[in-house]
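To be precise, the following lines are target_23.txt, and they hold compact mmCIF, C-alpha atoms and all ligand atoms.
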# COMPACT_ATOMS: atom_id res chain seq x y z
CA GLN A 1 72.03 37.74 152.38
CA ILE A 2 72.56 35.81 149.14
CA SER A 3 74.21 32.42 149.21
CA GLU A 4 76.85 31.48 146.64
CA ALA A 5 74.60 28.88 145.09
CA GLU A 6 71.90 31.43 144.35
CA VAL A 7 73.94 33.92 142.32
CA ALA A 8 74.10 33.48 138.58
CA LEU A 9 77.51 32.63 137.16
CA PHE A 10 78.48 33.87 133.72
CA SER A 11 80.50 32.42 130.93
CA VAL A 12 81.81 35.05 128.54
CA SER A 13 84.27 35.04 125.63
CA SER A 14 87.35 37.15 126.12
CA TYR A 15 87.28 39.14 122.85
CA ALA A 16 84.48 41.70 122.52
CA CYS A 17 84.07 40.69 118.86
CA GLN A 18 83.02 37.19 120.00
CA ARG A 19 80.23 38.61 122.13
CA ARG A 20 76.79 40.04 121.40
CA THR A 21 76.57 43.40 123.12
CA THR A 22 73.23 45.15 122.73
CA LEU A 23 72.31 48.58 124.07
CA ASP A 24 70.41 46.80 126.84
CA ASN A 25 73.02 47.16 129.60
CA HIS A 26 72.15 45.52 132.95
CA ASN A 27 75.20 46.92 134.72
CA SER A 28 75.26 50.62 133.89
CA ASN A 29 76.09 51.46 137.52
CA LEU A 30 79.38 49.58 137.03
CA THR A 31 80.06 50.44 133.39
CA ASP A 32 79.48 54.16 133.99
CA ALA A 33 82.12 54.11 136.71
CA LEU A 34 84.65 52.19 134.60
CA SER A 35 83.94 54.30 131.50
CA LEU A 36 84.61 57.48 133.43
CA LEU A 37 87.97 56.13 134.58
CA ALA A 38 88.70 55.03 131.00
CA GLU A 39 87.88 58.50 129.74
CA ASN A 40 90.06 60.09 132.41
CA ALA A 41 92.96 57.81 131.47
CA GLU A 42 92.54 58.62 127.75
CA LEU A 43 92.40 62.34 128.49
CA SER A 44 95.62 61.95 130.46
CA ASN A 45 97.36 60.13 127.58
CA GLU A 46 97.42 56.86 129.52
CA ASP A 47 96.11 54.73 126.68
CA GLY A 48 97.00 51.36 128.20
CA ARG A 49 94.97 52.08 131.31
CA GLY A 50 92.18 53.47 129.16
CA VAL A 51 91.90 50.27 127.14
CA ALA A 52 91.98 48.12 130.29
CA PHE A 53 89.01 50.04 131.76
CA ARG A 54 87.19 49.95 128.38
CA ARG A 55 87.64 46.17 128.16
CA ALA A 56 86.36 45.69 131.69
CA ALA A 57 83.33 47.90 131.01
CA ALA A 58 82.64 46.07 127.73
CA LEU A 59 82.69 42.71 129.48
CA LEU A 60 80.09 43.89 132.01
CA LYS A 61 77.92 45.31 129.20
CA ALA A 62 77.72 41.82 127.70
CA LEU A 63 76.42 40.13 130.87
CA PRO A 64 72.77 38.98 130.64
CA THR A 65 71.82 40.12 134.16
CA GLN A 66 72.83 42.56 136.85
CA VAL A 67 75.89 41.70 138.91
CA ILE A 68 75.08 41.78 142.62
CA SER A 69 78.04 39.98 144.12
CA MET A 70 81.78 39.84 143.48
CA SER A 71 81.63 36.04 143.53
CA GLN A 72 79.74 36.11 140.22
CA LEU A 73 82.79 37.59 138.53
CA ARG A 74 85.17 34.79 139.41
CA GLY A 75 86.92 33.39 136.37
CA LEU A 76 85.72 36.10 134.01
CA PRO A 77 88.25 37.55 131.54
CA CYS A 78 89.10 41.25 131.05
CA LEU A 79 88.72 42.23 134.70
CA GLY A 80 92.02 43.48 136.06
CA GLU A 81 92.86 44.15 139.66
CA HIS A 82 92.10 47.85 139.42
CA SER A 83 88.75 47.34 137.68
CA LEU A 84 87.75 44.70 140.26
CA ARG A 85 88.54 47.18 143.04
CA VAL A 86 86.27 49.77 141.43
CA ILE A 87 83.48 47.22 140.92
CA LYS A 88 83.74 46.08 144.55
CA ASP A 89 83.51 49.66 145.75
CA VAL A 90 80.35 50.28 143.69
CA LEU A 91 78.72 47.01 144.76
CA GLU A 92 79.43 47.65 148.44
CA ASN A 93 79.01 51.41 148.69
CA GLY A 94 76.87 52.38 145.71
CA VAL A 95 79.65 54.57 144.32
CA SER A 96 83.37 54.28 143.65
CA SER A 97 85.45 56.69 145.73
CA GLU A 98 88.01 56.91 142.91
CA VAL A 99 85.31 57.88 140.42
CA GLU A 100 83.85 60.44 142.80
CA SER A 101 87.19 62.10 143.48
CA THR A 102 88.06 62.07 139.76
CA LYS A 103 84.74 63.73 138.91
CA GLN A 104 85.38 66.41 141.48
CA SER A 105 88.99 67.07 140.53
CA LYS A 106 89.78 70.43 139.00
CA ARG A 107 91.87 68.77 136.31
CA TYR A 108 89.19 66.33 135.15
CA LYS A 109 86.55 69.06 135.02
CA ALA A 110 88.86 71.27 132.96
CA LEU A 111 89.80 68.42 130.60
CA LYS A 112 86.10 67.72 130.00
CA ILE A 113 85.27 71.34 129.27
CA LEU A 114 88.28 71.97 127.05
CA THR A 115 88.16 68.72 125.04
CA GLY A 116 84.45 69.42 124.62
CA ILE A 117 85.64 71.96 122.05
CA PHE A 118 85.72 70.38 118.60
CA GLY A 119 89.36 70.34 117.45
CA VAL A 120 90.82 70.20 120.97
CA GLY A 121 92.44 66.93 122.02
CA ALA A 122 94.00 65.75 125.26
CA LYS A 123 97.42 67.21 124.47
CA THR A 124 96.17 70.72 123.75
CA ALA A 125 93.87 70.69 126.78
CA ASP A 126 96.75 69.56 128.98
CA ARG A 127 98.96 72.40 127.73
CA TRP A 128 96.24 74.95 128.39
CA ILE A 129 95.64 73.60 131.89
CA ARG A 130 99.35 73.94 132.63
CA GLU A 131 99.01 77.57 131.53
CA GLY A 132 96.18 78.07 134.01
CA ILE A 133 93.25 77.78 131.57
CA TYR A 134 90.40 75.74 133.09
CA ASN A 135 87.27 76.95 131.31
CA LEU A 136 85.98 78.66 128.17
CA GLU A 137 86.02 82.13 129.68
CA GLN A 138 89.67 81.80 130.67
CA LEU A 139 90.42 80.42 127.21
CA ARG A 140 88.75 83.38 125.49
CA ASP A 141 90.58 85.84 127.78
CA SER A 142 93.94 84.13 127.34
CA GLY A 143 94.47 85.21 123.76
CA GLN A 144 95.55 81.66 122.80
CA THR A 145 95.83 81.21 119.05
CA LEU A 146 93.10 78.83 117.90
CA ASN A 147 93.08 76.96 114.62
CA ARG A 148 90.08 77.02 112.26
CA ALA A 149 88.53 73.87 113.75
CA GLN A 150 88.89 75.12 117.32
CA LYS A 151 87.40 78.51 116.43
CA ALA A 152 84.37 76.78 114.93
CA GLY A 153 84.25 74.43 117.93
CA LEU A 154 84.21 77.30 120.38
CA GLU A 155 81.62 79.23 118.37
CA HIS A 156 79.22 76.26 118.28
CA TYR A 157 80.17 74.82 121.67
CA ASP A 158 76.68 74.41 123.13
CA ASP A 159 75.16 72.90 119.99
CA LEU A 160 78.03 70.45 119.52
CA ASN A 161 77.77 69.26 123.12
CA GLU A 162 74.05 68.65 122.72
CA PRO A 163 73.44 65.01 121.66
CA VAL A 164 72.31 64.50 118.05
CA THR A 165 68.99 62.63 117.76
CA LYS A 166 68.17 59.88 115.26
CA ALA A 167 65.61 62.22 113.65
CA GLU A 168 68.34 64.82 113.11
CA ALA A 169 70.68 62.14 111.75
CA ASP A 170 67.99 61.09 109.26
CA ALA A 171 67.38 64.69 108.21
CA ILE A 172 71.11 65.11 107.55
CA GLY A 173 71.13 61.77 105.72
CA GLU A 174 68.54 63.11 103.28
CA ILE A 175 70.65 66.20 102.64
CA VAL A 176 73.80 64.13 102.05
CA GLN A 177 71.88 61.78 99.74
CA LYS A 178 70.63 64.75 97.75
CA ALA A 179 74.11 66.25 97.51
CA VAL A 180 75.65 62.98 96.37
CA ASN A 181 72.90 62.32 93.80
CA SER A 182 73.27 65.83 92.39
CA VAL A 183 77.01 65.52 91.76
CA LEU A 184 77.20 61.81 90.84
CA PRO A 185 73.93 59.98 90.14
CA GLY A 186 73.96 56.33 91.21
CA SER A 187 76.16 56.95 94.24
CA GLU A 188 75.18 55.29 97.50
CA VAL A 189 75.17 56.68 101.02
CA ALA A 190 75.30 54.47 104.13
CA LEU A 191 74.72 55.61 107.69
CA THR A 192 77.50 54.19 109.86
CA GLY A 193 78.77 54.89 113.41
CA GLY A 194 76.60 54.65 116.50
CA PHE A 195 73.31 55.25 114.66
CA ARG A 196 73.88 52.12 112.56
CA ARG A 197 74.26 50.22 115.84
CA GLY A 198 70.81 51.43 116.86
CA LYS A 199 71.85 54.19 119.24
CA LEU A 200 69.15 56.81 119.73
CA THR A 201 71.62 59.70 120.08
CA GLY A 202 75.21 60.39 119.09
CA HIS A 203 77.96 62.96 119.29
CA ASP A 204 78.03 63.18 115.49
CA VAL A 205 76.59 61.53 112.36
CA ASP A 206 78.82 59.27 110.25
CA PHE A 207 78.27 58.52 106.54
CA LEU A 208 80.07 56.35 104.05
CA ILE A 209 79.70 57.14 100.35
CA THR A 210 80.49 54.88 97.39
CA HIS A 211 79.56 54.21 93.77
CA PRO A 212 78.78 50.73 92.37
CA GLU A 213 81.24 51.30 89.52
CA GLU A 214 84.86 51.13 90.76
CA GLY A 215 86.77 54.37 90.15
CA LYS A 216 83.68 56.57 89.73
CA GLU A 217 84.06 57.68 93.36
CA VAL A 218 87.43 59.33 92.67
CA GLY A 219 87.17 63.09 93.21
CA LEU A 220 83.66 62.79 94.61
CA MET A 221 84.23 64.43 97.99
CA PRO A 222 85.24 67.93 96.78
CA LYS A 223 82.15 67.98 94.56
CA VAL A 224 79.85 66.92 97.41
CA VAL A 225 81.39 69.52 99.70
CA ALA A 226 81.07 72.24 97.05
CA TRP A 227 77.38 71.37 96.58
CA LEU A 228 76.72 71.42 100.33
CA GLU A 229 78.58 74.70 100.65
CA SER A 230 76.67 76.31 97.78
CA GLN A 231 73.39 75.38 99.49
CA GLY A 232 74.53 76.89 102.80
CA PHE A 233 74.60 73.58 104.72
CA LEU A 234 78.16 73.84 106.03
CA LEU A 235 79.42 75.89 108.96
CA TYR A 236 82.87 74.25 108.81
CA GLN A 237 84.59 71.55 106.79
CA LYS A 238 88.04 70.09 106.43
CA THR A 239 88.57 67.61 103.63
CA THR A 240 91.48 65.19 103.59
CA ARG A 241 92.28 63.36 100.38
CA ASN A 242 92.72 59.62 99.97
CA SER A 243 96.27 58.52 100.77
CA TYR A 244 95.71 54.76 100.50
CA LEU A 245 97.59 54.10 97.25
CA GLU A 246 100.59 56.28 98.00
CA SER A 247 101.15 54.85 101.49
CA LYS A 248 104.45 53.02 101.85
CA ASP A 249 103.77 50.82 104.86
CA GLY A 250 101.09 48.81 103.08
CA PRO A 251 97.35 49.16 103.41
CA ALA A 252 96.63 46.38 105.88
CA ARG A 253 99.13 47.52 108.49
CA PRO A 254 98.20 51.10 109.28
CA ALA A 255 100.15 52.81 112.07
CA SER A 256 96.92 53.40 113.97
CA ASN A 257 93.24 52.77 113.42
CA MET A 258 93.21 55.90 111.25
CA ASP A 259 92.30 54.89 107.73
CA ARG A 260 93.33 56.67 104.56
CA PHE A 261 90.00 57.28 102.85
CA GLU A 262 89.07 60.63 101.42
CA ARG A 263 87.17 62.18 104.28
CA CYS A 264 85.49 65.32 105.46
CA PHE A 265 85.11 66.37 109.08
CA SER A 266 82.34 68.92 109.04
CA ILE A 267 79.85 70.95 111.00
CA PHE A 268 76.41 71.07 109.41
CA LYS A 269 73.88 73.85 109.79
CA LEU A 270 70.65 71.96 110.33
CA THR A 271 67.38 73.87 110.19
CA LYS A 272 65.14 72.86 113.09
CA ARG A 273 61.63 71.63 112.54
CA LYS A 274 58.97 73.94 114.00
CA GLU A 275 58.35 71.86 117.13
CA GLN A 276 62.06 71.71 117.92
CA GLU A 277 62.50 75.46 118.05
CA THR A 278 63.65 76.59 121.46
CA ALA A 279 63.04 79.66 123.58
CA SER A 280 66.10 81.27 122.02
CA HIS A 281 64.22 81.30 118.69
CA LYS A 282 67.32 80.02 116.94
CA ILE A 283 65.96 78.22 113.91
CA TRP A 284 69.02 76.06 113.23
CA ARG A 285 71.58 74.04 115.14
CA ALA A 286 75.16 72.95 114.47
CA VAL A 287 75.79 69.19 114.09
CA ARG A 288 79.11 67.36 113.66
CA VAL A 289 79.08 65.19 110.52
CA ASP A 290 81.80 62.81 109.23
CA LEU A 291 81.75 61.96 105.52
CA VAL A 292 83.97 59.23 104.10
CA VAL A 293 84.29 58.08 100.47
CA SER A 294 85.25 54.49 99.71
CA PRO A 295 85.73 52.65 96.43
CA ILE A 296 83.19 49.81 96.09
CA SER A 297 85.97 47.18 96.29
CA GLN A 298 86.73 48.28 99.87
CA PHE A 299 83.19 49.16 100.87
CA ALA A 300 82.48 46.12 103.08
CA PHE A 301 85.67 46.75 105.05
CA ALA A 302 84.88 50.46 105.30
CA VAL A 303 81.34 49.80 106.58
CA LEU A 304 82.68 47.34 109.15
CA GLY A 305 85.43 49.76 110.20
CA TRP A 306 83.14 52.76 110.53
CA THR A 307 80.24 51.07 112.32
CA GLY A 308 82.13 50.68 115.62
CA SER A 309 82.00 50.63 118.51
CA LYS A 310 85.59 51.77 118.87
CA LEU A 311 86.32 48.92 121.28
CA PHE A 312 84.61 46.38 119.02
CA GLU A 313 86.86 47.54 116.15
CA ARG A 314 89.97 47.36 118.30
CA GLU A 315 89.06 43.84 119.39
CA LEU A 316 88.36 42.73 115.81
CA ARG A 317 91.85 43.86 114.79
CA ARG A 318 93.39 42.22 117.85
CA TRP A 319 91.54 38.97 117.09
CA ALA A 320 92.65 39.06 113.46
CA GLY A 321 96.29 39.60 114.39
CA HIS A 322 96.67 37.40 117.45
CA GLU A 323 94.34 34.53 116.63
CA LYS A 324 94.34 34.41 112.81
CA ASN A 325 97.66 35.93 111.72
CA MET A 326 95.69 38.38 109.59
CA SER A 327 95.72 42.19 109.38
CA LEU A 328 92.36 43.92 109.30
CA SER A 329 91.84 47.57 108.41
CA SER A 330 88.95 49.65 107.08
CA HIS A 331 90.42 49.02 103.61
CA ALA A 332 91.22 45.33 103.48
CA LEU A 333 91.96 42.01 105.16
CA PHE A 334 95.40 40.53 104.61
CA ASP A 335 96.20 36.91 105.40
CA ASN A 336 99.84 36.81 106.51
CA THR A 337 99.97 33.00 106.29
CA GLN A 338 98.79 32.83 102.68
CA ASN A 339 100.43 36.19 101.95
CA LYS A 340 97.37 37.50 100.11
CA TYR A 341 94.41 39.88 100.39
CA LEU A 342 91.00 38.35 101.04
CA ARG A 343 88.25 39.96 98.99
CA ALA A 344 84.83 40.58 100.50
CA THR A 345 81.62 42.24 99.39
CA SER A 346 79.77 41.94 102.71
CA GLU A 347 80.46 42.15 106.43
CA GLU A 348 79.28 38.55 106.78
CA GLU A 349 82.12 37.37 104.54
CA ILE A 350 84.69 39.24 106.63
CA PHE A 351 83.48 37.65 109.87
CA ALA A 352 83.61 34.26 108.12
CA TYR A 353 87.24 34.80 107.00
CA LEU A 354 88.05 35.70 110.60
CA GLY A 355 86.42 32.52 111.89
CA LEU A 356 83.93 34.55 113.92
CA GLU A 357 80.19 34.15 114.25
CA TYR A 358 78.50 37.07 112.47
CA ILE A 359 77.59 39.85 114.90
CA PRO A 360 75.04 42.33 113.51
CA PRO A 361 75.59 46.08 114.10
CA SER A 362 73.00 46.25 116.90
CA GLU A 363 75.10 43.74 118.86
CA ARG A 364 78.43 45.55 118.40
CA ASN A 365 77.79 48.02 121.23
CA ALA A 366 80.82 46.90 123.23
P1 LIG A 401 79.03 58.59 118.72
O1 LIG A 401 77.60 58.36 118.86
O2 LIG A 401 79.65 59.18 119.95
O3 LIG A 401 79.38 59.36 117.49
P2 LIG A 401 80.32 56.44 117.35
O4 LIG A 401 80.46 55.00 117.65
O5 LIG A 401 79.58 56.81 116.11
O6 LIG A 401 79.69 57.14 118.62
P3 LIG A 401 82.60 57.86 116.23
O7 LIG A 401 83.71 58.54 116.94
O8 LIG A 401 81.73 58.71 115.40
O9 LIG A 401 81.79 57.05 117.33
O10 LIG A 401 83.27 56.73 115.35
C1 LIG A 401 82.52 55.86 114.54
C2 LIG A 401 83.40 54.81 113.95
O11 LIG A 401 84.32 55.37 113.03
C3 LIG A 401 84.24 54.06 114.98
O12 LIG A 401 84.15 52.69 114.71
C4 LIG A 401 85.64 54.51 114.77
O13 LIG A 401 86.56 53.47 114.97
C5 LIG A 401 85.63 54.96 113.33
N1 LIG A 401 86.51 56.10 113.16
C6 LIG A 401 86.36 57.31 113.74
N2 LIG A 401 87.34 58.14 113.38
C7 LIG A 401 88.14 57.44 112.55
C8 LIG A 401 89.31 57.72 111.81
N3 LIG A 401 89.88 58.92 111.87
N4 LIG A 401 89.84 56.75 111.06
C9 LIG A 401 89.27 55.55 110.99
N5 LIG A 401 88.15 55.22 111.64
C10 LIG A 401 87.59 56.14 112.40
MN MN A 402 79.57 58.79 115.42
MN MN A 403 82.48 60.15 113.81
Output the file's structure as structure tokens, nothing else.
Ligand code: ATP
Ligand code: MN
Ligand code: MN
Amino acid sequence: QISEAEVALFSVSSYACQRRTTLDNHNSNLTDALSLLAENAELSNEDGRGVAFRRAAALLKALPTQVISMSQLRGLPCLGEHSLRVIKDVLENGVSSEVESTKQSKRYKALKILTGIFGVGAKTADRWIREGIYNLEQLRDSGQTLNRAQKAGLEHYDDLNEPVTKAEADAIGEIVQKAVNSVLPGSEVALTGGFRRGKLTGHDVDFLITHPEEGKEVGLMPKVVAWLESQGFLLYQKTTRNSYLESKDGPARPASNMDRFERCFSIFKLTKRKEQETASHKIWRAVRVDLVVSPISQFAFAVLGWTGSKLFERELRRWAGHEKNMSLSSHALFDNTQNKYLRATSEEEIFAYLGLEYIPPSERNA
């Protein structure tokens, strides 16, 4: 029995972008449960619930020690009634009954399997489930028309559901660097996404490409893709051109967190090193890679926007809007009070404009 006086109390800021969240999570029993419910909500198109569970999980990730008693959570932000109920269940019974029943539900299992296909989102998976498709075999037998992305996703299903290691990310980084240098010498490649935050594995590898001379980056992506294709490195690619300048609603107020950079969603064919070869004797594996090209003038914003985590980004934008009357995107920061764009050449400057203490990538794992 632990007395109230003995349990540690926490004091935590309410925005994730005010907190330092490392990968060292002392409450994974709780955050795993909440993340699963968040995922289930997102897969069911209940975004509000999804964000609420994500915020609650992120708060627990930022705590310096393990929570052992509900009384420690008193007064903490971000913990709604539903999340508290789940936490209580886990603390008292070791598991959450809601999480367990979700995990076992036919619908959740099917959503996981079907959205595990690259190119398949919650909406498509939901439609298939309503048509009685719950797994890959049923999907193949159904004769559903698949688009190019989904066909590639199905073909490389096992590889793409196998986590990408840091070593594989670095190997792909070398290939991308080589491609970029071959088509435009002087270009720079930055590793972003989870690997920049220090994660040891990821679901894909994210790169941002720029050139120190403004304007030189225009038209770069098709050349990079052509080079990669000519060398046999691509199993799939879809390139989207930059739509930043032609957008009507203004750059700092995008409809969603989707930015308008020239980008390429791809599947790389990565040759395995000898010691990584498996019993199947397959000498290569498929890896999801995101390539994004940014002009140097927007590079700091692009790096910040593509480093994540997704919740950290969402919270940064919420902070900017609600607390600073500013609009932050992966392209720019607009000050609505002064009615002007704020230029920045580093992430540090952007945090300073926002009145936030600088949080390095390794502490953005909210
Ligand atoms: P993982 O290890 O699972 O890949 P991650 O943090 O790298 O984790 P990603 O989905 O690769 O997750 O996203 C990386 C970053 O890029 C996130 O900050 C996300 O907000 C941003 N991002 C992803 N897709 C887009 C997009 N279409 N438009 C703008 N930003 C995006
Ligand atoms: Mn990623
Ligand atoms: Mn990505």
Expected answer as number ranges by chain: residues within 6 Å of ligand MN 403 (chain A), only C-alpha atoms and all ligand atoms: A: 204, 206, 290
Polymer residues at most 12 Å from Asn45 of chain A, all atoms listed in the file, same-chain spacing of 6 or more positions, as number ranges by chain: A: 38-39, 51, 111, 121-126
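With all atoms listed in the file as the basis for measurement, A:Ser309 is the residue among A:Gln150, A:Ser309, A:Ser182, A:Ser35 that approaches ligand LIG 401 (chain A) most closely.
Our summary of the geometry notes that atom O4 of ligand LIG 401 (chain A) is positioned 7.7 Å from atom CA of Gly202 of chain A.
Neighbouring residues of ligand MN 402 (chain A) at a cut-off of 10 Å, counting only C-alpha atoms and all ligand atoms, are A:Val164, A:Leu191, A:Thr192, A:Gly193, A:Gly194, A:Phe195, A:Arg196, A:Lys199, A:Thr201, A:Gly202, A:His203, A:Asp204, A:Val205, A:Asp206, A:Phe207, A:Arg288, A:Val289, A:Asp290, A:Trp306, A:Thr307, A:Gly308, A:Ser309, A:Lys310.
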Any chance you can output those residues with C-alpha atoms as a short mmCIF file (atom, residue, chain, number, x, y, z; two decimals), in the coordinates of the input?
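Result file part.cif:
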data_model
loop_
_atom_site.label_atom_id
_atom_site.label_comp_id
_atom_site.auth_asym_id
_atom_site.auth_seq_id
_atom_site.Cartn_x
_atom_site.Cartn_y
_atom_site.Cartn_z
CA VAL A 164 72.31 64.50 118.05
CA LEU A 191 74.72 55.61 107.69
CA THR A 192 77.50 54.19 109.86
CA GLY A 193 78.77 54.89 113.41
CA GLY A 194 76.60 54.65 116.50
CA PHE A 195 73.31 55.25 114.66
CA ARG A 196 73.88 52.12 112.56
CA LYS A 199 71.85 54.19 119.24
CA THR A 201 71.62 59.70 120.08
CA GLY A 202 75.21 60.39 119.09
CA HIS A 203 77.96 62.96 119.29
CA ASP A 204 78.03 63.18 115.49
CA VAL A 205 76.59 61.53 112.36
CA ASP A 206 78.82 59.27 110.25
CA PHE A 207 78.27 58.52 106.54
CA ARG A 288 79.11 67.36 113.66
CA VAL A 289 79.08 65.19 110.52
CA ASP A 290 81.80 62.81 109.23
CA TRP A 306 83.14 52.76 110.53
CA THR A 307 80.24 51.07 112.32
CA GLY A 308 82.13 50.68 115.62
CA SER A 309 82.00 50.63 118.51
CA LYS A 310 85.59 51.77 118.87
#
Non-local contacts of Pro77 of chain A (10 Å; only C-alpha atoms; under 4 positions in same chain excluded) as an NGL selection string: :A and (11-15 or 55-56 or 59 or 73)
Restricted to C-alpha atoms, what would the selected residues look like written as a PDB file, in the frame of the given file?
ATOM      1  CA  SER A  11      80.500  32.420 130.930  1.00  0.00           C
ATOM      2  CA  VAL A  12      81.810  35.050 128.540  1.00  0.00           C
ATOM      3  CA  SER A  13      84.270  35.040 125.630  1.00  0.00           C
ATOM      4  CA  SER A  14      87.350  37.150 126.120  1.00  0.00           C
ATOM      5  CA  TYR A  15      87.280  39.140 122.850  1.00  0.00           C
ATOM      6  CA  ARG A  55      87.640  46.170 128.160  1.00  0.00           C
ATOM      7  CA  ALA A  56      86.360  45.690 131.690  1.00  0.00           C
ATOM      8  CA  LEU A  59      82.690  42.710 129.480  1.00  0.00           C
ATOM      9  CA  LEU A  73      82.790  37.590 138.530  1.00  0.00           C
TER      10      LEU A  73
END
